[in-house]
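Here is run26.tsv, consisting of TSV, C-alpha atoms:
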chain	number	residue	atom	x	y	z
A	1	MET	CA	12.66	-12.46	10.51
A	2	ALA	CA	14.20	-9.58	8.54
A	3	GLN	CA	11.41	-9.76	5.95
A	4	ASN	CA	8.77	-9.63	8.68
A	5	THR	CA	10.47	-6.59	10.23
A	6	LEU	CA	10.51	-4.89	6.84
A	7	HIS	CA	6.77	-5.47	6.37
A	8	LEU	CA	6.01	-4.18	9.87
A	9	SER	CA	8.16	-1.12	9.27
A	10	ARG	CA	6.26	-0.30	6.08
A	11	LEU	CA	2.97	-0.91	7.84
A	12	MET	CA	3.88	1.47	10.65
A	13	THR	CA	5.06	4.13	8.19
A	14	ILE	CA	1.76	4.01	6.32
A	15	SER	CA	-0.11	4.08	9.61
A	16	TRP	CA	1.74	7.18	10.82
A	17	GLN	CA	1.07	8.98	7.55
A	18	ILE	CA	-2.64	8.17	7.75
A	19	GLN	CA	-2.76	9.29	11.37
A	20	LYS	CA	-1.15	12.65	10.55
A	21	ALA	CA	-3.02	13.37	7.33
A	22	LYS	CA	-6.49	12.28	8.41
A	23	ASP	CA	-6.33	13.21	12.11
A	24	LYS	CA	-7.27	9.66	13.14
A	25	THR	CA	-6.61	7.81	16.37
A	26	ARG	CA	-3.69	5.43	16.47
A	27	SER	CA	-5.86	2.32	16.30
A	28	LYS	CA	-8.01	3.61	13.41
A	29	ALA	CA	-4.91	4.57	11.41
A	30	LEU	CA	-3.33	1.17	12.02
A	31	THR	CA	-6.54	-0.57	10.93
A	32	ALA	CA	-6.64	1.48	7.71
A	33	ALA	CA	-2.96	0.80	7.01
A	34	TRP	CA	-3.46	-2.92	7.58
A	35	ALA	CA	-6.39	-2.93	5.11
A	36	ILE	CA	-4.22	-1.28	2.46
A	37	PHE	CA	-1.25	-3.52	3.17
A	38	SER	CA	-3.13	-6.80	3.23
A	39	ASN	CA	-5.13	-6.03	0.07
A	40	GLU	CA	-2.24	-4.73	-2.01
A	41	ASP	CA	-3.45	-6.18	-5.31
A	42	ILE	CA	-6.88	-4.57	-4.98
A	43	THR	CA	-5.39	-1.25	-3.86
A	44	VAL	CA	-3.04	-1.11	-6.84
A	45	GLN	CA	-5.83	-2.07	-9.24
A	46	TYR	CA	-8.09	0.67	-7.86
A	47	LEU	CA	-5.36	3.32	-7.96
A	48	THR	CA	-4.31	2.51	-11.53
A	49	ARG	CA	-7.90	2.62	-12.70
A	50	LYS	CA	-8.49	5.94	-10.95
A	51	LEU	CA	-5.24	7.54	-12.12
A	52	ASN	CA	-5.75	6.24	-15.66
A	53	HIS	CA	-9.18	7.95	-15.78
A	54	HIS	CA	-11.04	4.61	-15.99
A	55	LYS	CA	-9.34	3.62	-19.25
A	56	PRO	CA	-8.50	-0.07	-19.47
A	57	VAL	CA	-5.00	-1.08	-18.42
A	58	PRO	CA	-3.42	-3.97	-20.35
A	59	GLN	CA	-3.05	-7.11	-18.24
A	60	LYS	CA	0.66	-7.24	-19.04
A	61	ALA	CA	1.13	-3.75	-17.59
A	62	ALA	CA	-1.08	-4.44	-14.58
A	63	GLY	CA	1.11	-7.38	-13.61
A	64	GLN	CA	4.11	-5.10	-13.27
A	65	PHE	CA	2.63	-2.97	-10.51
A	66	GLY	CA	3.56	-3.67	-6.94
A	67	LEU	CA	3.06	-1.39	-4.02
A	68	PHE	CA	5.19	-3.07	-1.40
A	69	THR	CA	7.67	-5.08	-3.40
A	70	ASN	CA	11.30	-4.21	-3.06
A	71	PRO	CA	13.57	-5.58	-5.80
A	72	GLU	CA	16.76	-4.94	-3.79
A	73	PRO	CA	17.29	-6.60	-0.43
A	74	ILE	CA	18.06	-4.17	2.34
A	75	ALA	CA	21.28	-5.04	4.11
Rendering of file as structure tokens:
Amino acid sequence: MAQNTLHLSRLMTISWQIQKAKDKTRSKALTAAWAIFSNEDITVQYLTRKLNHHKPVPQKAAGQFGLFTNPEPIA
């Protein structure tokens, strides 16, 4: 249950940021946030490629990226 709450909290935070920054409706922002959240691996791959100026990223380094992973449990 705590893990599910954590994911929903992160989802809502992303949604609020999208809503503020892009002047979207609540439902459109939540849809966009859900797309980012549910396709984390694709989002990270796209961002690394874009920020690395389309240079190849070694597979070993690409496996270390995680957008929504939290190594420390929140108490």
> Between CA of Phe65 (chain A) and CA of Leu51 (chain A), what is the distance, to one decimal in Å?
Replying inline: 13.2 Å
>> With only C-alpha atoms as the counted atoms, please give the residues lying no more than 10 Å from Trp34 (chain A), apart from itself and same-chain residues fewer than 3 positions off, as a PyMOL selection string.
In response: chain A and resi 8+11-12+14-15+28-31+37-40
Could the residues in this selection be saved with C-alpha atoms as an mmCIF file, keeping the file's coordinate frame?
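As a result, again_5.cif now contains:
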data_model
loop_
_atom_site.group_PDB
_atom_site.id
_atom_site.type_symbol
_atom_site.label_atom_id
_atom_site.label_comp_id
_atom_site.auth_asym_id
_atom_site.auth_seq_id
_atom_site.Cartn_x
_atom_site.Cartn_y
_atom_site.Cartn_z
ATOM 1 C CA LEU A 8 6.010 -4.180 9.870
ATOM 2 C CA LEU A 11 2.970 -0.910 7.840
ATOM 3 C CA MET A 12 3.880 1.470 10.650
ATOM 4 C CA ILE A 14 1.760 4.010 6.320
ATOM 5 C CA SER A 15 -0.110 4.080 9.610
ATOM 6 C CA LYS A 28 -8.010 3.610 13.410
ATOM 7 C CA ALA A 29 -4.910 4.570 11.410
ATOM 8 C CA LEU A 30 -3.330 1.170 12.020
ATOM 9 C CA THR A 31 -6.540 -0.570 10.930
ATOM 10 C CA PHE A 37 -1.250 -3.520 3.170
ATOM 11 C CA SER A 38 -3.130 -6.800 3.230
ATOM 12 C CA ASN A 39 -5.130 -6.030 0.070
ATOM 13 C CA GLU A 40 -2.240 -4.730 -2.010
#
Padding 5 Å on every side, please: axis-aligned box over the listed atoms of region 4-20 of chain A, centre and edge lengths to one decimal in Å, as AutoDock Vina command-line options.
--center_x 3.9 --center_y 1.5 --center_z 8.7 --size_x 23.3 --size_y 32.3 --size_z 15.3
>> Under the rule that only C-alpha atoms are counted, which of A:Ala32, A:Val44, A:His7, A:Pro58 is the nearest residue to Gln19 (chain A)?
In response: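 Among the listed residues, the smallest separation from Gln19 (chain A) belongs to A:Ala32.
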> What is the distance between CA of Asp23 (chain A) and CA of Leu6 (chain A), in Å to one decimal?
Replying inline: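 So the two atoms, CA of Asp23 (chain A) and CA of Leu6 (chain A), lie 25.3 Å apart.
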>> One number please: CA of Gln17 (chain A) to CA of His53 (chain A), in Å, one decimal.
In response: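 CA of Gln17 (chain A) sits 25.5 Å away from CA of His53 (chain A).
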